[in-house]
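Since the structure comes first, as structure tokens, the remarks are kept for the end.
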Amino acid sequence: MSRDVAALHIADEPFLVATTIERCPKTMMIRELFMNAVEAATQAPSGSQAIEIRALDIGDTQKLSIWNTGPGMSSDELHRICDISASIGKNKGLDENFGMGAKVASLPSNRYGLRYRSNAKGVVSEVILGERGGIYGRLRRPNDEGHLEEVFDVTDVVLADGADLSFDWTEVVLFGNSANQNTVRDPYDGNPITPGQWLADYLYYRFYRLPPGL
């Protein structure tokens, strides 16, 4: 920090975070999430660089999942990456990636929840971002002892579901704005309305070419 400048501080941090999120164009969501997946997957070993778009059955509806190989995140890293402007392995600057695009672009359409899971060396950590009472942040949930936590070890859960933990991966699931919202068909909760082939069309025009090997 320069001794000639007194840095400005944020007087109302929750308000600034909320306005930053709510002013972001919703339709940037898939681009930002997919770009993050591309950047991570290209760091996976040759022959295992992959991204999968999945429809998960959760409750009585389907939720959209973006899954990719690449370096996983520990519980501490996953906790840290959820903060606005936080990033791992990226440059930040006025002409660089701020490390905030995916979270900021996704939360307006996923107030109910945006679930991150990351497998790092066989341990899967989970955090859910969302909005409650006008405040955006990590959702606090009770652990087995009744204490509230933000990041959970869900290794046993994903193993029971048949997940392969022999390599690192990360998954983002869009819960939308309510439990019964189908985020595969309706990712923006009706605003804007999306046609049936919205995802294929969007990815084709935005990512006409992918890095070699991906």
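To be explicit about the labels: the chains of the structure tokens are called A, B, and onward in the order shown, and within each one the residues are counted from 1, while ligands get numbers from 1 in the order they are shown.
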
Q | Neighbour list for Ile84 of chain A as a ChimeraX atom specification, cut-off 12 Å, only C-alpha atoms, skip fewer than 3 positions in-chain | A | /A:13-14,16-18,20-21,79-81,87,98-105,107,129,136-138

Would you write out those residues with N, CA, C and O atoms, as a short mmCIF file (atom, residue, chain, number, x, y, z; two decimals), in the first residue's frame?
data_model
loop_
_atom_site.label_atom_id
_atom_site.label_comp_id
_atom_site.auth_asym_id
_atom_site.auth_seq_id
_atom_site.Cartn_x
_atom_site.Cartn_y
_atom_site.Cartn_z
N GLU A 13 -20.76 -3.57 4.11
CA GLU A 13 -20.30 -4.65 3.24
C GLU A 13 -21.44 -5.51 2.69
O GLU A 13 -21.46 -5.81 1.49
N PRO A 14 -22.41 -5.95 3.53
CA PRO A 14 -23.49 -6.77 2.97
C PRO A 14 -24.27 -6.05 1.87
O PRO A 14 -24.67 -6.68 0.89
N LEU A 16 -23.09 -3.72 -0.22
CA LEU A 16 -22.27 -3.67 -1.42
C LEU A 16 -22.24 -5.02 -2.11
O LEU A 16 -22.34 -5.10 -3.35
N VAL A 17 -22.11 -6.10 -1.35
CA VAL A 17 -22.10 -7.44 -1.93
C VAL A 17 -23.43 -7.70 -2.65
O VAL A 17 -23.47 -8.19 -3.78
N ALA A 18 -24.55 -7.37 -1.99
CA ALA A 18 -25.87 -7.62 -2.58
C ALA A 18 -26.08 -6.82 -3.86
O ALA A 18 -26.56 -7.35 -4.87
N THR A 20 -23.77 -5.60 -5.85
CA THR A 20 -22.85 -6.11 -6.87
C THR A 20 -23.44 -7.34 -7.55
O THR A 20 -23.41 -7.47 -8.78
N ILE A 21 -24.01 -8.24 -6.76
CA ILE A 21 -24.60 -9.46 -7.29
C ILE A 21 -25.86 -9.16 -8.10
O ILE A 21 -26.04 -9.65 -9.22
N HIS A 79 -13.66 -22.75 1.17
CA HIS A 79 -14.23 -21.68 1.98
C HIS A 79 -13.75 -20.32 1.48
O HIS A 79 -14.54 -19.38 1.31
N ARG A 80 -12.47 -20.22 1.20
CA ARG A 80 -11.90 -18.94 0.78
C ARG A 80 -12.37 -18.52 -0.61
O ARG A 80 -12.63 -17.34 -0.85
N ILE A 81 -12.51 -19.48 -1.53
CA ILE A 81 -12.85 -19.15 -2.90
C ILE A 81 -14.27 -18.60 -3.01
O ILE A 81 -14.63 -17.95 -4.00
N SER A 87 -9.88 -15.72 -5.52
CA SER A 87 -9.57 -16.64 -6.60
C SER A 87 -8.34 -17.43 -6.23
O SER A 87 -7.56 -17.04 -5.36
N PHE A 98 -11.17 -10.98 -12.39
CA PHE A 98 -11.31 -10.54 -11.01
C PHE A 98 -11.55 -11.72 -10.06
O PHE A 98 -11.50 -11.55 -8.85
N GLY A 99 -11.84 -12.91 -10.58
CA GLY A 99 -12.14 -14.04 -9.71
C GLY A 99 -13.49 -13.91 -9.04
O GLY A 99 -13.73 -14.49 -8.00
N MET A 100 -14.41 -13.16 -9.62
CA MET A 100 -15.71 -12.95 -9.00
C MET A 100 -16.86 -13.22 -9.96
O MET A 100 -18.00 -13.24 -9.56
N GLY A 101 -16.56 -13.47 -11.24
CA GLY A 101 -17.61 -13.55 -12.24
C GLY A 101 -18.63 -14.64 -12.00
O GLY A 101 -19.83 -14.39 -12.06
N ALA A 102 -18.18 -15.88 -11.76
CA ALA A 102 -19.12 -16.99 -11.65
C ALA A 102 -20.05 -16.84 -10.46
O ALA A 102 -21.25 -17.07 -10.56
N LYS A 103 -19.52 -16.48 -9.32
CA LYS A 103 -20.36 -16.34 -8.12
C LYS A 103 -21.35 -15.19 -8.29
O LYS A 103 -22.54 -15.34 -8.01
N VAL A 104 -20.84 -14.06 -8.73
CA VAL A 104 -21.69 -12.88 -8.87
C VAL A 104 -22.77 -13.11 -9.93
O VAL A 104 -23.93 -12.74 -9.73
N ALA A 105 -22.41 -13.75 -11.04
CA ALA A 105 -23.38 -13.96 -12.12
C ALA A 105 -24.39 -15.05 -11.79
O ALA A 105 -25.50 -15.04 -12.32
N LEU A 107 -25.50 -16.12 -8.49
CA LEU A 107 -26.35 -16.00 -7.30
C LEU A 107 -27.69 -15.31 -7.53
O LEU A 107 -28.67 -15.67 -6.85
N LEU A 129 -23.67 -21.74 -1.36
CA LEU A 129 -23.90 -20.30 -1.32
C LEU A 129 -25.38 -20.03 -1.55
O LEU A 129 -26.07 -20.79 -2.22
N TYR A 136 -26.30 -12.33 1.18
CA TYR A 136 -25.69 -13.40 0.39
C TYR A 136 -24.48 -13.95 1.12
O TYR A 136 -23.69 -13.18 1.69
N GLY A 137 -24.33 -15.26 1.11
CA GLY A 137 -23.16 -15.84 1.75
C GLY A 137 -23.20 -17.35 1.76
O GLY A 137 -24.03 -17.98 1.08
N ARG A 138 -22.30 -17.95 2.53
CA ARG A 138 -22.27 -19.39 2.70
C ARG A 138 -23.40 -19.78 3.66
O ARG A 138 -23.52 -19.19 4.75
#

Q. Within 10 Å of segment 149-166 of chain A, counting only C-alpha atoms, which residues qualify if same-chain residues fewer than 6 places away don't, as a list in words?
A.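 My reading of the contact set: Ser74, Ser75, Asp76, Leu78, His79, Tyr116, Arg117, Ser118, Asn119, Ala120, Lys121, Gly122, Val123, Val124, Ser125, Glu126, Val127, Ile128, Leu129, Gly137, Arg138, Leu139, Arg140, Arg141, Pro142 and Asn143 of chain A.
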
Write the selection just made, keeping N, CA and C atoms, as an mmCIF file, in the first residue's frame?
data_model
loop_
_atom_site.group_PDB
_atom_site.id
_atom_site.type_symbol
_atom_site.label_atom_id
_atom_site.label_comp_id
_atom_site.auth_asym_id
_atom_site.auth_seq_id
_atom_site.Cartn_x
_atom_site.Cartn_y
_atom_site.Cartn_z
ATOM 1 N N SER A 74 -9.189 -27.991 -1.143
ATOM 2 C CA SER A 74 -9.377 -28.433 0.237
ATOM 3 C C SER A 74 -10.535 -27.654 0.854
ATOM 4 N N SER A 75 -10.924 -28.038 2.058
ATOM 5 C CA SER A 75 -12.022 -27.327 2.728
ATOM 6 C C SER A 75 -11.672 -25.858 2.950
ATOM 7 N N ASP A 76 -10.436 -25.565 3.324
ATOM 8 C CA ASP A 76 -10.020 -24.175 3.534
ATOM 9 C C ASP A 76 -10.039 -23.394 2.228
ATOM 10 N N LEU A 78 -11.840 -24.078 -0.457
ATOM 11 C CA LEU A 78 -13.226 -23.932 -0.896
ATOM 12 C C LEU A 78 -13.923 -22.828 -0.122
ATOM 13 N N HIS A 79 -13.662 -22.751 1.166
ATOM 14 C CA HIS A 79 -14.228 -21.678 1.983
ATOM 15 C C HIS A 79 -13.751 -20.318 1.478
ATOM 16 N N TYR A 116 -21.265 -26.090 -4.255
ATOM 17 C CA TYR A 116 -19.932 -26.442 -4.740
ATOM 18 C C TYR A 116 -19.456 -27.686 -4.000
ATOM 19 N N ARG A 117 -18.959 -28.665 -4.763
ATOM 20 C CA ARG A 117 -18.269 -29.813 -4.190
ATOM 21 C C ARG A 117 -16.928 -29.955 -4.894
ATOM 22 N N SER A 118 -15.893 -30.237 -4.130
ATOM 23 C CA SER A 118 -14.578 -30.391 -4.729
ATOM 24 C C SER A 118 -13.841 -31.552 -4.075
ATOM 25 N N ASN A 119 -13.310 -32.436 -4.915
ATOM 26 C CA ASN A 119 -12.535 -33.570 -4.447
ATOM 27 C C ASN A 119 -11.055 -33.252 -4.562
ATOM 28 N N ALA A 120 -10.369 -33.224 -3.443
ATOM 29 C CA ALA A 120 -8.924 -32.997 -3.418
ATOM 30 C C ALA A 120 -8.273 -34.183 -2.716
ATOM 31 N N LYS A 121 -7.603 -35.020 -3.499
ATOM 32 C CA LYS A 121 -6.861 -36.169 -2.965
ATOM 33 C C LYS A 121 -7.759 -37.108 -2.156
ATOM 34 N N GLY A 122 -8.973 -37.322 -2.657
ATOM 35 C CA GLY A 122 -9.860 -38.290 -2.034
ATOM 36 C C GLY A 122 -10.744 -37.767 -0.932
ATOM 37 N N VAL A 123 -10.673 -36.473 -0.655
ATOM 38 C CA VAL A 123 -11.545 -35.848 0.348
ATOM 39 C C VAL A 123 -12.437 -34.837 -0.351
ATOM 40 N N VAL A 124 -13.752 -34.988 -0.222
ATOM 41 C CA VAL A 124 -14.710 -34.113 -0.898
ATOM 42 C C VAL A 124 -15.297 -33.115 0.096
ATOM 43 N N SER A 125 -15.106 -31.851 -0.189
ATOM 44 C CA SER A 125 -15.656 -30.771 0.645
ATOM 45 C C SER A 125 -16.825 -30.124 -0.075
ATOM 46 N N GLU A 126 -17.780 -29.631 0.698
ATOM 47 C CA GLU A 126 -18.995 -29.025 0.129
ATOM 48 C C GLU A 126 -19.325 -27.712 0.819
ATOM 49 N N VAL A 127 -19.719 -26.741 0.026
ATOM 50 C CA VAL A 127 -20.252 -25.488 0.554
ATOM 51 C C VAL A 127 -21.423 -25.078 -0.327
ATOM 52 N N ILE A 128 -22.430 -24.475 0.275
ATOM 53 C CA ILE A 128 -23.586 -23.983 -0.474
ATOM 54 C C ILE A 128 -23.693 -22.481 -0.267
ATOM 55 N N LEU A 129 -23.674 -21.740 -1.363
ATOM 56 C CA LEU A 129 -23.899 -20.299 -1.318
ATOM 57 C C LEU A 129 -25.378 -20.025 -1.545
ATOM 58 N N GLY A 137 -24.334 -15.262 1.106
ATOM 59 C CA GLY A 137 -23.159 -15.838 1.750
ATOM 60 C C GLY A 137 -23.202 -17.350 1.757
ATOM 61 N N ARG A 138 -22.300 -17.949 2.526
ATOM 62 C CA ARG A 138 -22.272 -19.391 2.705
ATOM 63 C C ARG A 138 -23.400 -19.775 3.664
ATOM 64 N N LEU A 139 -24.192 -20.747 3.284
ATOM 65 C CA LEU A 139 -25.294 -21.165 4.146
ATOM 66 C C LEU A 139 -24.752 -21.988 5.312
ATOM 67 N N ARG A 140 -25.177 -21.641 6.515
ATOM 68 C CA ARG A 140 -24.762 -22.364 7.711
ATOM 69 C C ARG A 140 -25.772 -23.454 8.003
ATOM 70 N N ARG A 141 -25.242 -24.670 8.196
ATOM 71 C CA ARG A 141 -26.095 -25.830 8.434
ATOM 72 C C ARG A 141 -25.575 -26.596 9.649
ATOM 73 N N PRO A 142 -26.463 -27.268 10.391
ATOM 74 C CA PRO A 142 -26.018 -28.003 11.576
ATOM 75 C C PRO A 142 -25.264 -29.276 11.202
ATOM 76 N N ASN A 143 -24.160 -29.543 11.906
ATOM 77 C CA ASN A 143 -23.442 -30.791 11.715
ATOM 78 C C ASN A 143 -24.050 -31.876 12.613
#

Report as a Markdown table: every residue of segment 14-34 of chain A with an atom at most 9 Å from segment 196-208 of chain A, its closest pair of atoms, and their distance in Å to one decimal, counting only C-alpha atoms, with rows sorted by chain and ascending residue number.
| residue | atom | partner | partner_atom | distance |
| --- | --- | --- | --- | --- |
| A:Ile30 | CA | A:Leu203 | CA | 8.3 |
| A:Arg31 | CA | A:Arg206 | CA | 7.4 |
| A:Phe34 | CA | A:Leu203 | CA | 8.6 |

The selected residues should be written to file as a compact mmCIF listing (two decimals), in the first residue's frame (atoms: N, CA, C and O atoms).
# COMPACT_ATOMS: atom_id res chain seq x y z
N ILE A 30 -23.85 -18.97 -17.16
CA ILE A 30 -23.30 -20.18 -17.76
C ILE A 30 -21.92 -19.93 -18.34
O ILE A 30 -21.02 -20.76 -18.22
N ARG A 31 -21.74 -18.76 -18.95
CA ARG A 31 -20.41 -18.45 -19.50
C ARG A 31 -19.36 -18.46 -18.40
O ARG A 31 -18.29 -19.04 -18.56
N PHE A 34 -18.87 -22.07 -16.96
CA PHE A 34 -18.21 -22.96 -17.91
C PHE A 34 -16.77 -22.54 -18.13
O PHE A 34 -15.88 -23.39 -18.29

Q: May I ask which of the residues A:Val5, A:Leu64, A:Leu56, A:Ala44 is the closest one to Tyr188 of chain A, counting only C-alpha atoms?
A: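 For Tyr188 of chain A, the nearest of the given residues is A:Leu64.
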
Q. Could you work out how far atom CA of Ile66 of chain A lies from atom CA of Leu214 of chain A, giving the answer in Å with one decimal?
A.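 Computing it gives 14.5 Å between the two atoms.
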
Q: Write out as number ranges by chain the residues lying within 12 Å of Pro187 of chain A, counting only C-alpha atoms and excluding same-chain residues fewer than 3 positions away.
A: A: 26-30, 55, 62-65, 106-111, 114, 173-178, 180-184, 190-196, 198-199

Q.
So that I can check the secondary structure, give me every residue of segment 30-166 of chain A assigned helix (DSSP H, G or I) by backbone DSSP, as a VMD selection string.
A. chain A and resid 30 to 41 75 to 81 101 to 109 155 to 160
